$ cat structure-v8.cif   # mmCIF, C-alpha atoms and all ligand atoms
data_model
#
loop_
_atom_site.label_atom_id
_atom_site.label_comp_id
_atom_site.auth_asym_id
_atom_site.auth_seq_id
_atom_site.Cartn_x
_atom_site.Cartn_y
_atom_site.Cartn_z
CA MET A 1 70.04 -87.94 80.79
CA LYS A 2 66.38 -87.01 80.42
CA THR A 3 65.14 -85.47 77.16
CA TYR A 4 62.24 -83.02 77.32
CA TYR A 5 59.80 -83.32 74.43
CA GLY A 6 57.39 -80.47 73.68
CA LEU A 7 54.40 -80.79 71.38
CA ILE A 8 53.52 -77.20 70.56
CA GLY A 9 49.77 -76.72 70.16
CA ALA A 10 47.04 -78.13 72.38
CA GLY A 11 44.08 -77.39 70.11
CA GLY A 12 42.07 -80.00 68.23
CA TYR A 13 44.94 -81.12 66.02
CA GLY A 14 47.44 -81.09 68.89
CA ARG A 15 45.12 -83.35 70.90
CA GLU A 16 44.96 -85.72 67.92
CA VAL A 17 48.73 -85.78 67.53
CA MET A 18 49.68 -86.13 71.21
CA PRO A 19 48.71 -89.84 71.43
CA LEU A 20 50.94 -90.54 68.42
CA ALA A 21 53.88 -88.73 70.00
CA ASN A 22 53.25 -90.48 73.32
CA SER A 23 53.10 -93.88 71.69
CA GLY A 24 56.34 -93.29 69.75
CA LEU A 25 58.16 -92.23 72.93
CA ARG A 26 56.58 -94.80 75.25
CA GLY A 27 59.79 -96.75 75.91
CA GLU A 28 61.83 -93.65 76.73
CA ILE A 29 59.06 -92.23 78.93
CA LEU A 30 58.57 -95.47 80.88
CA SER A 31 62.31 -95.74 81.52
CA GLY A 32 62.37 -92.17 82.86
CA ASN A 33 64.55 -90.93 79.99
CA ALA A 34 61.91 -88.65 78.46
CA GLU A 35 59.13 -86.35 79.53
CA LEU A 36 56.45 -85.14 77.10
CA PHE A 37 54.42 -81.92 77.44
CA PHE A 38 51.95 -79.87 75.54
CA VAL A 39 53.49 -76.45 74.95
CA VAL A 40 51.44 -73.32 74.31
CA GLU A 41 52.46 -69.79 73.40
CA ASP A 42 51.70 -66.60 75.28
CA VAL A 43 49.98 -68.05 78.33
CA ASP A 44 51.18 -69.23 81.67
CA ASP A 45 51.20 -72.93 82.39
CA LEU A 46 47.70 -74.39 82.24
CA MET A 47 45.78 -77.31 83.72
CA PRO A 48 46.66 -80.68 82.16
CA VAL A 49 44.96 -81.58 78.88
CA ASN A 50 44.01 -85.23 78.36
CA GLY A 51 46.40 -86.15 81.17
CA PHE A 52 49.43 -84.30 79.72
CA SER A 53 51.02 -81.30 81.45
CA VAL A 54 50.76 -78.00 79.59
CA ILE A 55 53.62 -75.54 79.85
CA SER A 56 54.32 -72.22 78.18
CA LEU A 57 56.80 -71.96 75.32
CA LYS A 58 58.98 -69.75 77.50
CA ASN A 59 59.09 -72.32 80.29
CA PHE A 60 59.73 -75.13 77.81
CA LEU A 61 62.68 -73.29 76.29
CA ASN A 62 64.05 -72.63 79.80
CA LEU A 63 64.22 -76.36 80.56
CA PRO A 64 67.72 -77.86 80.43
CA ASN A 65 68.87 -79.47 77.17
CA PRO A 66 68.38 -81.85 75.48
CA LYS A 67 64.97 -80.65 74.30
CA ARG A 68 63.04 -81.80 71.23
CA PHE A 69 59.93 -80.24 69.74
CA ASN A 70 57.25 -80.61 67.11
CA ILE A 71 54.46 -78.21 66.16
CA ALA A 72 50.86 -79.37 65.80
CA ILE A 73 49.51 -76.10 64.41
CA GLY A 74 47.82 -76.03 61.00
CA ASN A 75 48.86 -72.46 60.14
CA SER A 76 52.11 -72.95 58.26
CA LYS A 77 53.45 -69.43 58.86
CA ALA A 78 52.96 -69.92 62.60
CA ARG A 79 54.81 -73.25 62.30
CA GLN A 80 57.72 -71.55 60.56
CA ARG A 81 57.89 -68.72 63.11
CA ILE A 82 57.73 -71.04 66.14
CA ALA A 83 60.22 -73.49 64.63
CA LYS A 84 62.76 -70.68 64.27
CA ILE A 85 62.27 -69.62 67.90
CA CYS A 86 62.77 -73.19 69.11
CA ILE A 87 65.77 -73.99 66.88
CA ASP A 88 67.45 -70.68 67.75
CA ALA A 89 66.99 -71.60 71.44
CA GLY A 90 68.78 -74.93 70.94
CA SER A 91 65.80 -77.27 70.73
CA VAL A 92 65.85 -79.94 68.02
CA PRO A 93 62.82 -81.00 65.93
CA PHE A 94 61.51 -84.58 66.19
CA SER A 95 59.16 -86.29 63.78
CA ILE A 96 55.90 -87.99 64.73
CA ASN A 97 54.63 -90.99 62.77
CA ALA A 98 51.53 -93.06 63.50
CA LYS A 99 52.41 -96.73 63.83
CA ASN A 100 50.42 -97.72 60.72
CA VAL A 101 51.98 -95.18 58.35
CA VAL A 102 53.24 -96.84 55.17
CA THR A 103 56.42 -95.48 53.59
CA MET A 104 57.99 -97.09 50.54
CA ASP A 105 61.35 -96.62 48.79
CA ALA A 106 63.66 -93.63 48.30
CA ILE A 107 61.79 -91.13 50.46
CA GLN A 108 63.60 -88.02 51.64
CA MET A 109 61.73 -86.32 54.45
CA GLY A 110 62.74 -83.11 56.22
CA HIS A 111 62.61 -82.76 59.99
CA GLY A 112 59.52 -82.02 62.08
CA SER A 113 56.94 -83.95 60.04
CA ILE A 114 53.68 -85.31 61.45
CA LEU A 115 52.22 -88.33 59.65
CA SER A 116 48.81 -89.28 61.07
CA PRO A 117 47.16 -92.73 61.01
CA PHE A 118 46.65 -94.40 57.61
CA VAL A 119 48.98 -92.04 55.76
CA THR A 120 50.90 -93.58 52.85
CA ILE A 121 53.97 -92.13 51.15
CA THR A 122 54.96 -94.27 48.19
CA SER A 123 58.28 -94.29 46.35
CA ASN A 124 60.73 -91.61 45.18
CA VAL A 125 59.21 -88.75 47.08
CA HIS A 126 61.00 -85.68 48.43
CA ILE A 127 59.34 -83.70 51.23
CA GLY A 128 60.59 -80.59 53.02
CA VAL A 129 60.48 -79.61 56.69
CA PHE A 130 57.47 -79.57 59.05
CA PHE A 131 55.14 -81.41 56.68
CA HIS A 132 51.70 -82.38 58.04
CA ALA A 133 49.79 -85.27 56.50
CA ASN A 134 46.50 -85.76 58.32
CA ILE A 135 44.59 -89.06 58.50
CA TYR A 136 44.16 -91.13 55.32
CA SER A 137 46.21 -88.82 53.09
CA TYR A 138 48.64 -90.17 50.52
CA VAL A 139 51.54 -88.96 48.43
CA ALA A 140 52.28 -91.05 45.34
CA HIS A 141 55.49 -91.62 43.37
CA ASP A 142 57.84 -88.90 42.14
CA CYS A 143 56.27 -86.02 44.06
CA ILE A 144 58.28 -83.09 45.38
CA ILE A 145 56.75 -81.29 48.34
CA GLY A 146 58.22 -78.12 49.82
CA ASP A 147 58.54 -76.81 53.37
CA TYR A 148 55.62 -76.22 55.79
CA VAL A 149 53.07 -77.92 53.56
CA THR A 150 49.78 -79.02 55.15
CA PHE A 151 47.52 -81.88 54.04
CA ALA A 152 44.10 -82.05 55.76
CA PRO A 153 42.50 -85.53 56.02
CA SER A 154 42.17 -87.73 52.91
CA VAL A 155 44.23 -85.66 50.51
CA LYS A 156 45.02 -87.66 47.38
CA CYS A 157 48.25 -86.45 45.88
CA ASN A 158 48.94 -88.52 42.77
CA GLY A 159 52.30 -89.06 41.06
CA ASN A 160 54.59 -86.45 39.48
CA VAL A 161 53.18 -83.51 41.41
CA VAL A 162 55.20 -80.56 42.76
CA ILE A 163 53.79 -78.75 45.78
CA GLU A 164 55.65 -75.63 46.77
CA ASP A 165 56.22 -74.15 50.26
CA HIS A 166 53.31 -73.26 52.55
CA VAL A 167 50.60 -74.83 50.38
CA TYR A 168 47.44 -75.89 52.29
CA ILE A 169 45.31 -78.70 50.85
CA GLY A 170 41.82 -79.21 52.31
CA THR A 171 40.01 -82.40 53.22
CA GLY A 172 39.42 -84.88 50.44
CA ALA A 173 41.05 -82.86 47.67
CA ALA A 174 42.41 -84.88 44.77
CA ILE A 175 45.41 -83.76 42.72
CA ARG A 176 45.67 -85.13 39.19
CA GLN A 177 48.94 -86.84 38.35
CA GLY A 178 51.54 -84.93 36.36
CA LYS A 179 53.86 -86.37 33.76
CA HIS A 180 57.48 -87.35 34.06
CA GLY A 181 59.41 -84.16 33.31
CA GLU A 182 56.19 -82.15 33.25
CA PRO A 183 54.79 -82.25 36.77
CA LEU A 184 51.51 -80.70 37.86
CA THR A 185 52.63 -77.80 40.08
CA ILE A 186 50.82 -76.11 42.95
CA GLY A 187 52.48 -72.75 43.62
CA CYS A 188 53.78 -71.37 46.87
CA GLU A 189 51.10 -70.47 49.48
CA ALA A 190 48.21 -71.66 47.31
CA VAL A 191 45.13 -73.03 49.11
CA ILE A 192 43.19 -75.99 47.73
CA GLY A 193 39.63 -76.11 49.12
CA MET A 194 38.13 -79.23 50.62
CA GLY A 195 36.86 -81.61 47.97
CA ALA A 196 38.60 -79.84 45.09
CA VAL A 197 39.70 -81.82 42.05
CA VAL A 198 42.87 -80.18 40.81
CA THR A 199 43.40 -80.94 37.13
CA LYS A 200 46.04 -78.36 36.18
CA ASN A 201 48.75 -76.14 37.65
CA VAL A 202 47.69 -73.77 40.42
CA PRO A 203 49.48 -70.38 40.50
CA PRO A 204 51.09 -69.23 43.74
CA GLY A 205 48.97 -67.60 46.42
CA ILE A 206 45.49 -68.32 45.07
CA THR A 207 42.62 -70.40 46.49
CA VAL A 208 40.91 -72.92 44.22
CA VAL A 209 37.71 -74.92 44.86
CA GLY A 210 35.40 -77.27 43.01
CA ASN A 211 35.56 -79.96 40.34
CA PRO A 212 37.44 -79.08 38.24
CA ALA A 213 39.16 -76.69 40.65
CA ARG A 214 38.81 -73.01 39.73
CA PRO A 215 39.96 -69.87 41.55
CA LEU A 216 37.64 -68.86 44.39
CA ILE A 217 36.29 -65.42 43.59
CA LYS A 218 34.59 -63.56 46.42
C1 LIG B 1 38.38 -73.00 50.34
C2 LIG B 1 38.37 -72.38 51.72
C3 LIG B 1 39.82 -72.19 52.21
C4 LIG B 1 37.68 -71.03 51.58
O1 LIG B 1 37.54 -70.44 52.82
P1 LIG B 1 37.04 -68.92 52.91
O2 LIG B 1 37.99 -68.06 52.14
O3 LIG B 1 36.80 -68.61 54.35
O4 LIG B 1 35.69 -68.94 52.06
P2 LIG B 1 34.17 -68.78 52.54
O5 LIG B 1 33.81 -69.77 53.59
O6 LIG B 1 33.95 -67.31 52.81
O7 LIG B 1 33.37 -69.18 51.21
C5 LIG B 1 33.35 -68.37 50.05
C6 LIG B 1 32.48 -69.06 49.02
O8 LIG B 1 33.14 -70.25 48.56
C7 LIG B 1 32.33 -71.40 48.80
N1 LIG B 1 33.24 -72.46 49.23
C8 LIG B 1 34.04 -72.46 50.33
N2 LIG B 1 34.77 -73.58 50.36
C9 LIG B 1 34.43 -74.31 49.28
C10 LIG B 1 34.87 -75.55 48.81
N3 LIG B 1 35.79 -76.26 49.44
N4 LIG B 1 34.32 -76.00 47.67
C11 LIG B 1 33.37 -75.28 47.00
N5 LIG B 1 32.93 -74.07 47.41
C12 LIG B 1 33.47 -73.60 48.54
C13 LIG B 1 31.36 -70.99 49.91
O9 LIG B 1 30.18 -71.77 49.88
C14 LIG B 1 31.13 -69.55 49.56
O10 LIG B 1 30.23 -69.49 48.48
P3 LIG B 1 29.13 -68.30 48.38
O11 LIG B 1 29.94 -67.04 48.24
O12 LIG B 1 28.36 -68.66 47.15
O13 LIG B 1 28.35 -68.33 49.65
C15 LIG B 1 37.65 -73.26 52.76
O14 LIG B 1 36.25 -73.25 52.61
C16 LIG B 1 38.14 -74.70 52.75
O15 LIG B 1 37.75 -75.53 51.93
N6 LIG B 1 39.04 -74.99 53.73
C17 LIG B 1 39.54 -76.31 53.99
C18 LIG B 1 38.79 -76.91 55.17
C19 LIG B 1 39.40 -78.20 55.62
O16 LIG B 1 39.66 -79.08 54.82
N7 LIG B 1 39.65 -78.32 56.92
C20 LIG B 1 40.31 -79.47 57.47
C21 LIG B 1 40.44 -79.35 58.95
S1 LIG B 1 41.46 -80.65 59.58
#
$ encode --input "structure-v8.cif" --output "structure tokens"
Amino acid sequence: MKTYYGLIGAGGYGREVMPLANSGLRGEILSGNAELFFVVEDVDDLMPVNGFSVISLKNFLNLPNPKRFNIAIGNSKARQRIAKICIDAGSVPFSINAKNVVTMDAIQMGHGSILSPFVTITSNVHIGVFFHANIYSYVAHDCIIGDYVTFAPSVKCNGNVVIEDHVYIGTGAAIRQGKHGEPLTIGCEAVIGMGAVVTKNVPPGITVVGNPARPLIK
């Protein structure tokens, strides 16, 4: 039986993730057991993008089961909303890992993650659902990462750090290590600007920038 795979999002990030999904599914696609599409919301089916068919979310969800999906959209609230639509409609998340991702021991990873090339997750790490780790990011030992967390490229998340749900971490940010039993914590929905050096806890919902990272005041 053929499985239909939808990668939701055909923007810049989606076009970076599609080759990873395609490579992971190559065997199934070549044997005719899988078909892979870009899926977009709120528009009718479009012209192919980079050689892949583009279908609307509605048409994807109307395909016969089994259907699997992942969401290559940086906005974590959009990811959560679309994931619910897809799961409620009977589609099942699949994870996408670049071939050179390094994962070490005792990692628990929720469904729907996207790990881009050169990502490393070391040991004793717990990560929630629909995590994005863009190119060259790492997560070190004893970190706990919530749901719908987004790492832009080259995020350096050192050991004993807690990152709560919906946190966004910009390109090249570095997070200081916490201590065993006293982790450095980044609160729910906080935003860490590109290049920030985070040296202490970040309260929920605020944006920090700079070295050392301080709240962004506009
Ligand atoms: C921190 C961030 C979220 C703020 O975005 P924003 O709210 O739209 O802020 P603005 O662009 O209006 O900038 C507000 C001020 O903060 C400064 N600023 C913005 N981002 C900064 C950063 N990362 N570090 C230091 N200063 C920063 C701006 O220069 C501006 O300063 P000014 O008021 O003196 O002119 C954003 O700049 C950022 O870093 N996003 C991450 C980008 C990224 O990594 N993308 C990856 C794509 S894969």
$ closest_residue --input "structure-v8.cif" --among "A:Asn201, A:Thr185, A:Phe151, A:Asp142" --to "ligand LIG 1 (chain B)" --atoms "all atoms listed in the file"
A:Phe151
$ closest_residue --input "structure-v8.cif" --among "A:Pro93, A:Gly172, A:Gly12, A:Gly74" --to "Lys156 of chain A" --atoms "all atoms listed in the file"
A:Gly172
$ closest_residue --input "structure-v8.cif" --among "A:Ala133, A:His166, A:Ser23, A:Gly110" --to "ligand LIG 1 (chain B)" --atoms "all atoms listed in the file"
A:Ala133
$ residues_near_ligand --input "structure-v8.cif" --ligand "ligand LIG 1 (chain B)" --cutoff "7 Å" --atoms "only C-alpha atoms and all ligand atoms" --output "list in words"
Ala152, Pro153, Ile169, Gly170, Thr171, Val191, Ile192, Gly193, Met194, Gly195, Ala196, Thr207, Val208, Val209, Gly210, Leu216 and Lys218 of chain A
$ residues_near_point --input "structure-v8.cif" --point "(60.8, -72.8, 73.9)" --cutoff "12 Å" --atoms "all atoms listed in the file" --output "NGL selection string"
:A and (4-8 or 37-42 or 55-71 or 81-93)
$ closest_residue --input "structure-v8.cif" --among "A:Val167, A:Ile175, A:Ile144, A:Val17" --to "Ser116 of chain A" --atoms "only C-alpha atoms"
A:Val17
$ closest_residue --input "structure-v8.cif" --among "A:Cys143, A:Ala106, A:Ile217, A:Ala72" --to "Glu182 of chain A" --atoms "all atoms listed in the file"
A:Cys143
$ residues_around --input "structure-v8.cif" --residues "Gly178 of chain A" --least-positions-apart "2" --cutoff "7 Å" --atoms "only C-alpha atoms" --output "PyMOL selection string"
chain A and resi 159-161+176+180+182-184
$ write_last_selection --input "structure-v8.cif" --atoms "C-alpha atoms" --output "PDB file, in the coordinates of the input"
ATOM      1  CA  GLY A 159      52.300 -89.060  41.060  1.00  0.00           C
ATOM      2  CA  ASN A 160      54.590 -86.450  39.480  1.00  0.00           C
ATOM      3  CA  VAL A 161      53.180 -83.510  41.410  1.00  0.00           C
ATOM      4  CA  ARG A 176      45.670 -85.130  39.190  1.00  0.00           C
ATOM      5  CA  HIS A 180      57.480 -87.350  34.060  1.00  0.00           C
ATOM      6  CA  GLU A 182      56.190 -82.150  33.250  1.00  0.00           C
ATOM      7  CA  PRO A 183      54.790 -82.250  36.770  1.00  0.00           C
ATOM      8  CA  LEU A 184      51.510 -80.700  37.860  1.00  0.00           C
TER       9      LEU A 184
END
$ closest_residue --input "structure-v8.cif" --among "A:Ala10, A:Ala21, A:Val129, A:Val198" --to "Lys99 of chain A" --atoms "all atoms listed in the file"
A:Ala21
$ atom_distance --input "structure-v8.cif" --atom1 "atom CA of Ala190 of chain A" --atom2 "atom CA of Val101 of chain A"
26.3 Å
$ axis_aligned_box --input "structure-v8.cif" --around "segment 115-124 of chain A" --padding-each-side "8 Å" --output "JSON"
{"center_x": 53.7, "center_y": -91.4, "center_z": 53.1, "size_x": 30.1, "size_y": 22.1, "size_z": 31.9}
$ residues_around --input "structure-v8.cif" --residues "Asp165 of chain A" --least-positions-apart "6" --cutoff "10 Å" --atoms "all atoms listed in the file" --output "PyMOL selection string"
chain A and resi 76+128-129+131+145-150+186-190+204
$ atom_distance --input "structure-v8.cif" --atom1 "atom CA of Val102 of chain A" --atom2 "atom CA of Ala173 of chain A"
20.0 Å
$ atom_distance --input "structure-v8.cif" --atom1 "atom CA of Tyr138 of chain A" --atom2 "atom CA of Ala213 of chain A"
19.2 Å
$ decode --input "structure-v8.cif" --residues "segment 50-148 of chain A" --atoms "C-alpha atoms" --output "compact mmCIF listing (two decimals), in the first residue's frame"
# COMPACT_ATOMS: atom_id res chain seq x y z
CA ASN A 50 12.16 22.10 -7.37
CA GLY A 51 10.61 19.13 -9.15
CA PHE A 52 8.16 18.23 -6.35
CA SER A 53 4.38 18.47 -6.76
CA VAL A 54 2.65 21.07 -4.60
CA ILE A 55 -0.82 20.32 -3.30
CA SER A 56 -3.13 22.15 -0.93
CA LEU A 57 -3.55 20.99 2.66
CA LYS A 58 -7.19 20.22 1.92
CA ASN A 59 -6.29 17.99 -1.02
CA PHE A 60 -3.53 16.31 0.98
CA LEU A 61 -5.90 15.48 3.82
CA ASN A 62 -8.41 14.11 1.29
CA LEU A 63 -5.90 11.55 0.01
CA PRO A 64 -6.48 7.98 1.21
CA ASN A 65 -4.62 6.80 4.32
CA PRO A 66 -1.90 6.09 5.24
CA LYS A 67 -0.64 9.67 5.21
CA ARG A 68 2.37 11.09 7.04
CA PHE A 69 3.32 14.73 7.46
CA ASN A 70 5.95 17.11 8.74
CA ILE A 71 5.87 20.90 8.95
CA ALA A 72 8.75 23.03 7.68
CA ILE A 73 7.43 26.34 8.99
CA GLY A 74 9.50 28.39 11.45
CA ASN A 75 6.52 29.94 13.25
CA SER A 76 5.94 27.54 16.13
CA LYS A 77 2.30 28.53 16.72
CA ALA A 78 1.54 27.83 13.06
CA ARG A 79 3.28 24.45 13.46
CA GLN A 80 1.11 23.62 16.45
CA ARG A 81 -2.10 24.68 14.71
CA ILE A 82 -1.35 22.76 11.50
CA ALA A 83 -0.17 19.67 13.39
CA LYS A 84 -3.51 19.51 15.20
CA ILE A 85 -5.43 19.78 11.91
CA CYS A 86 -3.37 16.97 10.38
CA ILE A 87 -3.46 14.65 13.40
CA ASP A 88 -7.21 15.19 13.85
CA ALA A 89 -7.63 14.21 10.18
CA GLY A 90 -5.79 10.92 10.73
CA SER A 91 -2.36 11.83 9.36
CA VAL A 92 0.69 10.73 11.36
CA PRO A 93 3.83 12.85 11.89
CA PHE A 94 7.18 11.62 10.52
CA SER A 95 10.60 12.88 11.49
CA ILE A 96 13.24 14.15 9.07
CA ASN A 97 16.94 13.71 9.83
CA ALA A 98 19.86 14.67 7.60
CA LYS A 99 22.14 11.70 6.99
CA ASN A 100 25.07 13.27 8.87
CA VAL A 101 23.17 14.11 12.06
CA VAL A 102 24.99 12.80 15.14
CA THR A 103 22.89 11.52 18.04
CA MET A 104 24.47 9.97 21.12
CA ASP A 105 23.02 8.05 24.09
CA ALA A 106 19.70 8.20 25.95
CA ILE A 107 17.93 10.70 23.72
CA GLN A 108 14.16 10.96 23.89
CA MET A 109 12.76 12.84 20.92
CA GLY A 110 9.10 13.65 20.28
CA HIS A 111 7.50 13.18 16.88
CA GLY A 112 7.74 15.55 13.93
CA SER A 113 11.32 16.79 14.43
CA ILE A 114 13.52 18.17 11.66
CA LEU A 115 17.27 17.82 12.19
CA SER A 116 19.23 19.56 9.42
CA PRO A 117 22.77 18.75 8.23
CA PHE A 118 25.58 18.83 10.81
CA VAL A 119 23.25 18.86 13.81
CA THR A 120 24.53 17.06 16.91
CA ILE A 121 22.45 15.94 19.89
CA THR A 122 24.70 14.50 22.58
CA SER A 123 23.69 12.32 25.52
CA ASN A 124 20.80 12.32 28.00
CA VAL A 125 18.66 14.83 26.19
CA HIS A 126 14.86 15.04 26.21
CA ILE A 127 13.15 16.93 23.38
CA GLY A 128 9.43 17.49 22.79
CA VAL A 129 7.38 17.41 19.60
CA PHE A 130 8.01 19.25 16.31
CA PHE A 131 11.51 20.41 17.23
CA HIS A 132 13.52 22.17 14.50
CA ALA A 133 17.31 22.20 14.65
CA ASN A 134 18.71 24.05 11.64
CA ILE A 135 22.18 23.47 10.16
CA TYR A 136 25.18 23.20 12.51
CA SER A 137 23.16 23.49 15.72
CA TYR A 138 23.92 21.35 18.75
CA VAL A 139 22.25 20.30 21.98
CA ALA A 140 24.64 19.11 24.69
CA HIS A 141 24.16 16.70 27.62
CA ASP A 142 21.30 16.81 30.11
CA CYS A 143 19.17 19.36 28.28
CA ILE A 144 15.38 19.33 28.38
CA ILE A 145 13.68 20.98 25.43
CA GLY A 146 9.92 21.47 25.21
CA ASP A 147 7.43 21.29 22.35
CA TYR A 148 7.58 23.38 19.14
